[in-house]
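Trainee: Mind having a look at this structure? Questions to follow.
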Amino acid sequence: MLRDKKGRRVLLAGFLILIGLLTLKLDYSFSIISNFSLSISDIFMLAATFVAGYPIAVSAFNAIRYKIFGIDALVTLAVIGAIYIREFWEAAAVTFLFMLGNYLEARALEKTRSAIRALLELAPDAARVIRDGLEIEISPDEVIKGEIVIVKPGEKIPVDGIVTEGNAYVNQASITGESMPVSKEDGAGVFSGTILESGYLKVKAERVGDDTTFARILEMVEEAQDKKAKTQKFLEVFAQYYTPGIVVLAVIVYILTKNLPLTLTLLVIACPGALVIATPVSVVAGIGNGARNGILIKGGEIIEKIGTVRVIAFDKTGTLTEGKPKVTNVKNYGIETRELLQITASAEMFSEHPLAKAIIDRAKADEDVELIEPDESEIITGQGLKARLADQVYIIGNKKILAEHGLDISPDIEEYINSEEAIGQTAVIVADYKEKRIIGVISIADTIRPDAPKLINKLRVAGVKRIVMLTGDNERAAKAIAEKIGLDGYYAELLPAGKVRILEELQAEYGAVAMVGDGVNDAPALASADLGIAIGGAGTDVAMETADLVLMSAEIIKLSYAIGLSRATVINIKQNIYFAVSVVILLLMGVLAKLVFLSSGMLIHILSVLAVIVNAMRLIGYKEK
Amino acid sequence: MITKTYQLETITCPTCVKKIETAVKKMDGVKGVDVLFNASKVKVNYDDSLGDGKDIRKTIERLGFGILGEK
């Protein structure tokens, strides 16, 4: 407290008041002019009033020059009045409490804003680049796109870019909220503001300075914290009328009763500080907590909205599923699994098709098989491919390609394929063309995110009435996934415009609808829902811009945290408002009943403001149960 | 049209927001003011007549708010 000027002033005023109180019993008084005398105590009280009141009066005077009549002007007026009626102790106490209150409020507010401030401090401050063959250190803003940046252990990555050399573990908590380090090597994307924990990386800069994902998140969080909630707007309007109203009341009271102390007390309580501050402090603490956990909530109004959501619609691919097809089952007929995978993966080697990629990934990962370059391969669009490999010819694809090549599918294999397709799998059939025989069926599906079913349960517990899925994918695949996760319904084969239409129908039937997507191809749906939620938002600009709520990582379970946090914030705001309204009413009644006087009015005012801030601080530590 | 953002010392009272808003808005050449309470920032849009915005700084400082930086 001693470190700054304001603190010292408060302390000095407090000390003077203390002496004033201790000297209260001394009977010696000074006569300045015949009818005006001051006791020693009075002199100390006046000194305290001057010390604490001077900055208040200066600030009031400065504001009045711009024709603004603020709380400091009201307090100054009340204090001058108190001195006039020789209430020196009251004058000293009011000024002291006002200054002390301001001081403590500033401290407490800093705390509610600390989570966001901590985020700001994660910004990188230096970048090491190679220029003219020399390794030099520059500001991250000065890095040129395309330049190679070197990052060593313990350092922050200063740009968004692609790893060109080295490997390392990187803590991406500043972006995704996930503190488990992620392995990065050649070709991997890295984010500015993340920390290299061990290893060494050379990164080619793709985005620098204000264009980096991290800088944009910061900007959005900063903007979000001051986007006003509806309650806040309402309360500000209320305060605009309340303060002049009380001042007018004070004047009326004075004219009717000539009771100066009562009039002055009304001036002191004319500003409903706790009420005005009730919403923004909770909002900033809630948004700060979210930001630290990889959740970007775009303002107070969004927080209020989240709690009212009745329906949540999910996009399928990339949201409820990983978005990358994987081999889920391999069935072999008269051949080793290893050999089947080797043949299929080799044949598919030059194909860019996602199914081919899935098979190659599986062959490489599980079986450690060596791929052989095919002598010849021919892709038949919409069917599959035909490849010549070590003097054998293989036909790989769907039923159509087999029929075209005059290959029969035996009833038992046919049945197996149908059963796989019924549960949403895509069956890739592998046949030996010369022997006219099917050697295997490889099932591929986009896998459901492991945390998706758990999330759905949590959402139901949280009171969401209907959870559905919107997808452009076919009916069968959609049905299989919807059933597996336990959704209330699904809408398949939708174009982006169709998604928007379904959302409108849901809105009409159930009320507020939230749309969850990865933001890549569902931006129109995100924008048209009451609440747009993007997952895996880090790095995708469209998602970050369009959505109201962004989960930086791909961990969909965080949605449940975001909803819980928003609800806790709304409850916190309500507590603050109920409390502040009660204080305003009780204070006004207390003053009119002459139970509350200048200094006690000020004390209650300040304590109520502090109580509201302290309550908001609890949100910083919010954790999901 | 120039846009400047001033980072102030922590703004503590919501009435301060009103104060800065009203005072800066009244200046000739100022087109728009946005005071961000939680961020303790003031965003000002103004035309060329105010030059580098020295007078805006003065107005804010005279109201008793320290300016930590501008952008």
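Chain labels follow the order of the structure tokens: the first chain is A, the next B, and so on; residue numbering restarts at 1 in every chain, and ligands are counted from 1 in their shown order.
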Could you pull out all residues of chain B with a DSSP call of helix (DSSP H, G or I) and give them as a VMD selection string?
Mentor: chain B and resid 14 to 25 48 to 50 54 to 62
Trainee: Per residue of chain B within 8 Å of chain A, what are the shortest atom pair and its distance in Å to one decimal, counting only C-alpha atoms, with rows by chain and residue number, as CSV?
Mentor:
```
residue,atom,partner,partner_atom,distance
B:Thr10,CA,A:Ala106,CA,6.8
B:Ile11,CA,A:Ala106,CA,7.5
B:Thr12,CA,A:Ala106,CA,5.3
B:Cys13,CA,A:Gly273,CA,7.5
B:Pro14,CA,A:Ile277,CA,6.6
B:Thr15,CA,A:Gly70,CA,6.9
B:Lys19,CA,A:Ile68,CA,6.6
B:Thr22,CA,A:Ile68,CA,7.5
B:Ala23,CA,A:Tyr66,CA,5.7
B:Leu36,CA,A:Asp226,CA,5.7
B:Phe37,CA,A:Asp226,CA,6.5
B:Asn38,CA,A:Asp226,CA,6.0
B:Ala39,CA,A:Glu222,CA,6.4
B:Arg62,CA,A:Asn62,CA,6.6
B:Leu63,CA,A:Asn62,CA,5.6
B:Gly64,CA,A:Ser59,CA,6.1
```
Trainee: Based on the selection just made, write N, CA, C and O atoms of those residues as a compact mmCIF listing (two decimals), in the first residue's frame.
Mentor:
```txt
# COMPACT_ATOMS: atom_id res chain seq x y z
N THR B 10 -5.74 1.40 -14.44
CA THR B 10 -6.99 0.70 -14.18
C THR B 10 -8.14 1.66 -13.89
O THR B 10 -8.07 2.47 -12.98
N ILE B 11 -9.20 1.56 -14.69
CA ILE B 11 -10.40 2.35 -14.42
C ILE B 11 -11.20 1.58 -13.37
O ILE B 11 -11.47 0.40 -13.55
N THR B 12 -11.56 2.26 -12.29
CA THR B 12 -12.22 1.52 -11.22
C THR B 12 -13.72 1.78 -11.14
O THR B 12 -14.48 0.92 -10.78
N CYS B 13 -14.13 3.01 -11.47
CA CYS B 13 -15.54 3.28 -11.27
C CYS B 13 -16.23 3.39 -12.62
O CYS B 13 -15.70 3.99 -13.55
N PRO B 14 -17.39 2.76 -12.75
CA PRO B 14 -18.12 2.88 -14.00
C PRO B 14 -18.46 4.34 -14.33
O PRO B 14 -18.62 4.68 -15.49
N THR B 15 -18.55 5.19 -13.31
CA THR B 15 -18.85 6.60 -13.61
C THR B 15 -17.68 7.27 -14.31
O THR B 15 -17.88 8.23 -15.05
N LYS B 19 -17.55 9.80 -17.60
CA LYS B 19 -16.82 11.05 -17.55
C LYS B 19 -15.94 11.20 -18.78
O LYS B 19 -16.00 12.21 -19.48
N THR B 22 -18.00 11.50 -22.06
CA THR B 22 -18.64 12.80 -22.26
C THR B 22 -17.61 13.86 -22.62
O THR B 22 -17.80 14.63 -23.57
N ALA B 23 -16.51 13.89 -21.87
CA ALA B 23 -15.53 14.95 -22.06
C ALA B 23 -14.88 14.84 -23.43
O ALA B 23 -14.73 15.84 -24.14
N LEU B 36 -13.55 1.34 -22.80
CA LEU B 36 -13.65 -0.06 -22.41
C LEU B 36 -13.31 -0.18 -20.93
O LEU B 36 -12.15 -0.01 -20.54
N PHE B 37 -14.33 -0.44 -20.13
CA PHE B 37 -14.16 -0.44 -18.67
C PHE B 37 -13.18 -1.51 -18.21
O PHE B 37 -12.22 -1.24 -17.52
N ASN B 38 -13.45 -2.75 -18.61
CA ASN B 38 -12.61 -3.85 -18.13
C ASN B 38 -11.19 -3.81 -18.68
O ASN B 38 -10.25 -4.18 -18.00
N ALA B 39 -11.06 -3.38 -19.93
CA ALA B 39 -9.74 -3.32 -20.53
C ALA B 39 -9.01 -2.02 -20.14
O ALA B 39 -7.83 -1.89 -20.38
N ARG B 62 -6.33 15.42 -17.77
CA ARG B 62 -6.87 16.46 -16.91
C ARG B 62 -8.03 15.95 -16.06
O ARG B 62 -8.31 16.46 -14.99
N LEU B 63 -8.70 14.93 -16.56
CA LEU B 63 -9.79 14.33 -15.78
C LEU B 63 -9.25 13.45 -14.66
O LEU B 63 -10.01 12.92 -13.85
N GLY B 64 -7.94 13.26 -14.66
CA GLY B 64 -7.33 12.51 -13.57
C GLY B 64 -7.00 11.07 -13.91
O GLY B 64 -6.80 10.26 -13.01
```
Trainee: Can you pull out every residue within 7 Å of region 24-31 of chain B, counting only C-alpha atoms, but drop anything in the same chain fewer than 3 positions away, and send it as a PyMOL selection string?
Mentor: chain B and resi 20-21+45-47+49-50+56+59
Trainee: Please extract the residues of chain B with a backbone DSSP assignment of strand (DSSP E) and present them as number ranges by chain.
Mentor: B: 2-8, 30-36, 41-46, 67-70
Trainee: How about saving the chosen residues, N, CA and C atoms kept, as a compact mmCIF listing (two decimals), in the first residue's frame?
Mentor:
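Result file follows (result-v2.txt):
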```
# COMPACT_ATOMS: atom_id res chain seq x y z
N ILE B 2 -8.75 9.24 -38.05
CA ILE B 2 -7.70 8.52 -37.31
C ILE B 2 -8.35 7.79 -36.13
N THR B 3 -7.87 6.59 -35.87
CA THR B 3 -8.34 5.86 -34.69
C THR B 3 -7.16 5.64 -33.76
N LYS B 4 -7.36 6.02 -32.52
CA LYS B 4 -6.29 5.78 -31.54
C LYS B 4 -6.85 5.07 -30.32
N THR B 5 -6.03 4.22 -29.74
CA THR B 5 -6.44 3.52 -28.52
C THR B 5 -5.47 3.91 -27.41
N TYR B 6 -6.03 4.40 -26.33
CA TYR B 6 -5.19 4.77 -25.19
C TYR B 6 -5.36 3.76 -24.09
N GLN B 7 -4.25 3.26 -23.58
CA GLN B 7 -4.30 2.36 -22.44
C GLN B 7 -4.18 3.21 -21.18
N LEU B 8 -5.21 3.16 -20.32
CA LEU B 8 -5.18 3.96 -19.10
C LEU B 8 -4.78 3.10 -17.91
N VAL B 30 -13.69 15.19 -32.74
CA VAL B 30 -13.85 13.80 -32.29
C VAL B 30 -15.16 13.25 -32.84
N LYS B 31 -15.06 12.09 -33.50
CA LYS B 31 -16.24 11.52 -34.14
C LYS B 31 -16.87 10.42 -33.27
N GLY B 32 -16.05 9.75 -32.54
CA GLY B 32 -16.61 8.66 -31.72
C GLY B 32 -15.66 8.27 -30.60
N VAL B 33 -16.24 7.92 -29.46
CA VAL B 33 -15.43 7.50 -28.31
C VAL B 33 -16.01 6.20 -27.77
N ASP B 34 -15.11 5.29 -27.44
CA ASP B 34 -15.55 4.05 -26.82
C ASP B 34 -14.64 3.80 -25.63
N VAL B 35 -15.22 3.81 -24.44
CA VAL B 35 -14.40 3.56 -23.26
C VAL B 35 -14.63 2.13 -22.82
N LEU B 36 -13.55 1.34 -22.80
CA LEU B 36 -13.65 -0.06 -22.41
C LEU B 36 -13.31 -0.18 -20.93
N LYS B 41 -9.37 0.89 -21.48
CA LYS B 41 -8.88 1.50 -22.71
C LYS B 41 -9.88 2.52 -23.24
N VAL B 42 -9.38 3.50 -23.96
CA VAL B 42 -10.25 4.46 -24.62
C VAL B 42 -9.94 4.42 -26.11
N LYS B 43 -10.97 4.14 -26.90
CA LYS B 43 -10.79 4.15 -28.35
C LYS B 43 -11.43 5.42 -28.88
N VAL B 44 -10.67 6.20 -29.64
CA VAL B 44 -11.18 7.47 -30.15
C VAL B 44 -11.04 7.53 -31.67
N ASN B 45 -12.10 7.92 -32.33
CA ASN B 45 -12.07 8.23 -33.77
C ASN B 45 -12.08 9.74 -33.91
N TYR B 46 -11.11 10.28 -34.63
CA TYR B 46 -11.13 11.73 -34.81
C TYR B 46 -10.56 12.12 -36.16
N ILE B 67 -2.28 7.99 -18.49
CA ILE B 67 -2.21 7.23 -19.75
C ILE B 67 -0.91 6.43 -19.77
N LEU B 68 -1.06 5.13 -19.95
CA LEU B 68 0.12 4.26 -19.92
C LEU B 68 0.71 4.07 -21.31
N GLY B 69 -0.14 4.18 -22.32
CA GLY B 69 0.39 4.00 -23.67
C GLY B 69 -0.67 4.31 -24.70
N GLU B 70 -0.24 4.47 -25.95
CA GLU B 70 -1.23 4.69 -27.01
C GLU B 70 -0.81 3.94 -28.26
```
Trainee: Residues near region 401-418 of chain A, anyone? I mean within 12 Å using only C-alpha atoms, not counting same-chain ones fewer than 4 positions away, as JSON, numbers by chain.
Mentor: {"A": [329, 330, 331, 332, 333, 379, 380, 381, 382, 383, 384, 385, 386, 393, 394, 395, 396, 397, 422, 423, 424, 425, 426, 427, 428, 429, 430, 431, 432, 433, 434, 435, 436, 437, 438, 439, 440, 441, 442, 443, 444, 476]}
Trainee: Please, could you write that set of residues out with N, CA and C atoms as a short mmCIF file (atom, residue, chain, number, x, y, z; two decimals), in the first residue's frame?
Mentor:
```
data_model
loop_
_atom_site.label_atom_id
_atom_site.label_comp_id
_atom_site.auth_asym_id
_atom_site.auth_seq_id
_atom_site.Cartn_x
_atom_site.Cartn_y
_atom_site.Cartn_z
N ASN A 329 -12.16 -52.27 -39.44
CA ASN A 329 -12.28 -53.73 -39.46
C ASN A 329 -11.63 -54.29 -40.72
N VAL A 330 -10.90 -55.40 -40.57
CA VAL A 330 -10.31 -56.06 -41.74
C VAL A 330 -10.75 -57.52 -41.74
N LYS A 331 -11.41 -57.92 -42.82
CA LYS A 331 -11.86 -59.32 -42.93
C LYS A 331 -11.08 -59.96 -44.07
N ASN A 332 -10.39 -61.08 -43.79
CA ASN A 332 -9.58 -61.71 -44.84
C ASN A 332 -10.15 -63.08 -45.22
N TYR A 333 -10.00 -63.39 -46.50
CA TYR A 333 -10.50 -64.69 -47.01
C TYR A 333 -9.34 -65.42 -47.67
N ILE A 379 -7.28 -45.65 -61.86
CA ILE A 379 -8.35 -45.25 -60.94
C ILE A 379 -9.66 -45.14 -61.70
N ILE A 380 -10.68 -45.78 -61.19
CA ILE A 380 -11.99 -45.69 -61.83
C ILE A 380 -12.89 -44.88 -60.90
N THR A 381 -13.14 -43.64 -61.29
CA THR A 381 -13.83 -42.71 -60.41
C THR A 381 -15.20 -43.23 -59.97
N GLY A 382 -15.44 -43.09 -58.68
CA GLY A 382 -16.73 -43.51 -58.14
C GLY A 382 -16.82 -45.01 -57.89
N GLN A 383 -15.76 -45.74 -58.21
CA GLN A 383 -15.80 -47.20 -58.03
C GLN A 383 -14.62 -47.74 -57.25
N GLY A 384 -13.42 -47.32 -57.65
CA GLY A 384 -12.23 -47.86 -56.98
C GLY A 384 -11.05 -47.86 -57.93
N LEU A 385 -10.23 -48.90 -57.86
CA LEU A 385 -9.10 -48.93 -58.78
C LEU A 385 -8.70 -50.36 -59.13
N LYS A 386 -7.92 -50.43 -60.19
CA LYS A 386 -7.42 -51.70 -60.70
C LYS A 386 -5.92 -51.56 -60.73
N VAL A 393 -3.14 -59.11 -60.68
CA VAL A 393 -4.02 -57.95 -60.91
C VAL A 393 -5.08 -57.94 -59.81
N TYR A 394 -5.24 -56.80 -59.19
CA TYR A 394 -6.21 -56.69 -58.09
C TYR A 394 -7.27 -55.66 -58.44
N ILE A 395 -8.48 -55.95 -58.05
CA ILE A 395 -9.59 -55.03 -58.21
C ILE A 395 -9.99 -54.60 -56.80
N ILE A 396 -9.94 -53.29 -56.55
CA ILE A 396 -10.23 -52.80 -55.20
C ILE A 396 -11.31 -51.73 -55.28
N GLY A 397 -12.38 -51.86 -54.52
CA GLY A 397 -13.41 -50.83 -54.55
C GLY A 397 -14.75 -51.33 -54.06
N ALA A 422 -24.66 -51.31 -42.90
CA ALA A 422 -25.82 -50.92 -42.08
C ALA A 422 -25.39 -50.17 -40.83
N ILE A 423 -24.16 -50.42 -40.35
CA ILE A 423 -23.70 -49.68 -39.17
C ILE A 423 -22.81 -48.49 -39.56
N GLY A 424 -22.97 -48.05 -40.81
CA GLY A 424 -22.32 -46.81 -41.22
C GLY A 424 -20.89 -46.95 -41.72
N GLN A 425 -20.46 -48.18 -41.97
CA GLN A 425 -19.10 -48.38 -42.46
C GLN A 425 -19.09 -48.34 -43.98
N THR A 426 -17.95 -47.90 -44.53
CA THR A 426 -17.77 -48.03 -45.96
C THR A 426 -16.93 -49.28 -46.19
N ALA A 427 -17.45 -50.24 -47.01
CA ALA A 427 -16.71 -51.49 -47.22
C ALA A 427 -15.92 -51.40 -48.51
N VAL A 428 -14.61 -51.62 -48.39
CA VAL A 428 -13.75 -51.66 -49.56
C VAL A 428 -13.45 -53.15 -49.83
N ILE A 429 -13.86 -53.60 -51.02
CA ILE A 429 -13.70 -55.01 -51.34
C ILE A 429 -12.40 -55.19 -52.14
N VAL A 430 -11.63 -56.21 -51.79
CA VAL A 430 -10.37 -56.48 -52.48
C VAL A 430 -10.50 -57.85 -53.17
N ALA A 431 -10.25 -57.87 -54.49
CA ALA A 431 -10.40 -59.14 -55.22
C ALA A 431 -9.17 -59.43 -56.09
N ASP A 432 -8.87 -60.70 -56.19
CA ASP A 432 -7.80 -61.15 -57.08
C ASP A 432 -8.46 -61.40 -58.43
N TYR A 433 -8.06 -60.58 -59.48
CA TYR A 433 -8.77 -60.59 -60.75
C TYR A 433 -8.55 -61.89 -61.52
N LYS A 434 -7.28 -62.39 -61.48
CA LYS A 434 -6.97 -63.60 -62.25
C LYS A 434 -7.69 -64.81 -61.68
N GLU A 435 -7.69 -64.92 -60.35
CA GLU A 435 -8.33 -66.07 -59.70
C GLU A 435 -9.83 -65.88 -59.51
N LYS A 436 -10.31 -64.67 -59.84
CA LYS A 436 -11.73 -64.32 -59.73
C LYS A 436 -12.25 -64.64 -58.33
N ARG A 437 -11.57 -64.10 -57.33
CA ARG A 437 -11.88 -64.49 -55.96
C ARG A 437 -11.71 -63.26 -55.05
N ILE A 438 -12.63 -63.09 -54.11
CA ILE A 438 -12.50 -62.00 -53.15
C ILE A 438 -11.54 -62.42 -52.05
N ILE A 439 -10.54 -61.58 -51.77
CA ILE A 439 -9.57 -61.96 -50.74
C ILE A 439 -9.76 -61.17 -49.45
N GLY A 440 -10.57 -60.11 -49.49
CA GLY A 440 -10.76 -59.38 -48.24
C GLY A 440 -11.77 -58.25 -48.34
N VAL A 441 -12.27 -57.84 -47.20
CA VAL A 441 -13.16 -56.67 -47.13
C VAL A 441 -12.61 -55.77 -46.02
N ILE A 442 -12.31 -54.56 -46.37
CA ILE A 442 -11.77 -53.62 -45.37
C ILE A 442 -12.84 -52.57 -45.06
N SER A 443 -13.23 -52.49 -43.79
CA SER A 443 -14.25 -51.53 -43.39
C SER A 443 -13.59 -50.23 -42.93
N ILE A 444 -14.14 -49.14 -43.44
CA ILE A 444 -13.58 -47.84 -43.08
C ILE A 444 -14.71 -46.94 -42.61
N ARG A 476 -27.51 -43.40 -44.13
CA ARG A 476 -27.04 -44.57 -43.40
C ARG A 476 -25.95 -44.23 -42.39
#
```
Trainee: Please measure the separation of CA of Pro124 (chain A) and CA of Ala215 (chain A), giving the value in Å to one decimal.
Mentor: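 These atoms are spaced 10.0 Å apart.
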Trainee: Quote the spacing between CA of Tyr242 (chain A) and CA of Ile83 (chain A) in Å to one decimal place.
Mentor: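 Answer for the CA of Tyr242 (chain A) to CA of Ile83 (chain A) separation: 26.4 Å.
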Trainee: May I ask which of the residues A:Pro374, A:Phe44, A:Ala477, A:Lys6 is the closest one to Leu22 (chain A), counting only C-alpha atoms?
Mentor: A:Phe44
Trainee: Please list as a ChimeraX atom specification every residue within 12 Å of Phe15 (chain A), counting only C-alpha atoms and excluding residues in the same chain fewer than 6 positions away.
Mentor: /A:8-9,21-22,44-45,47-49,51-52,92-93,96
Trainee: Excluding Ala534 (chain A) and any residue of its chain fewer than 6 positions from it, enumerate the residues within 6 Å of it, using only C-alpha atoms, and give them as number ranges by chain.
Mentor: A: 516-519, 543, 547, 550
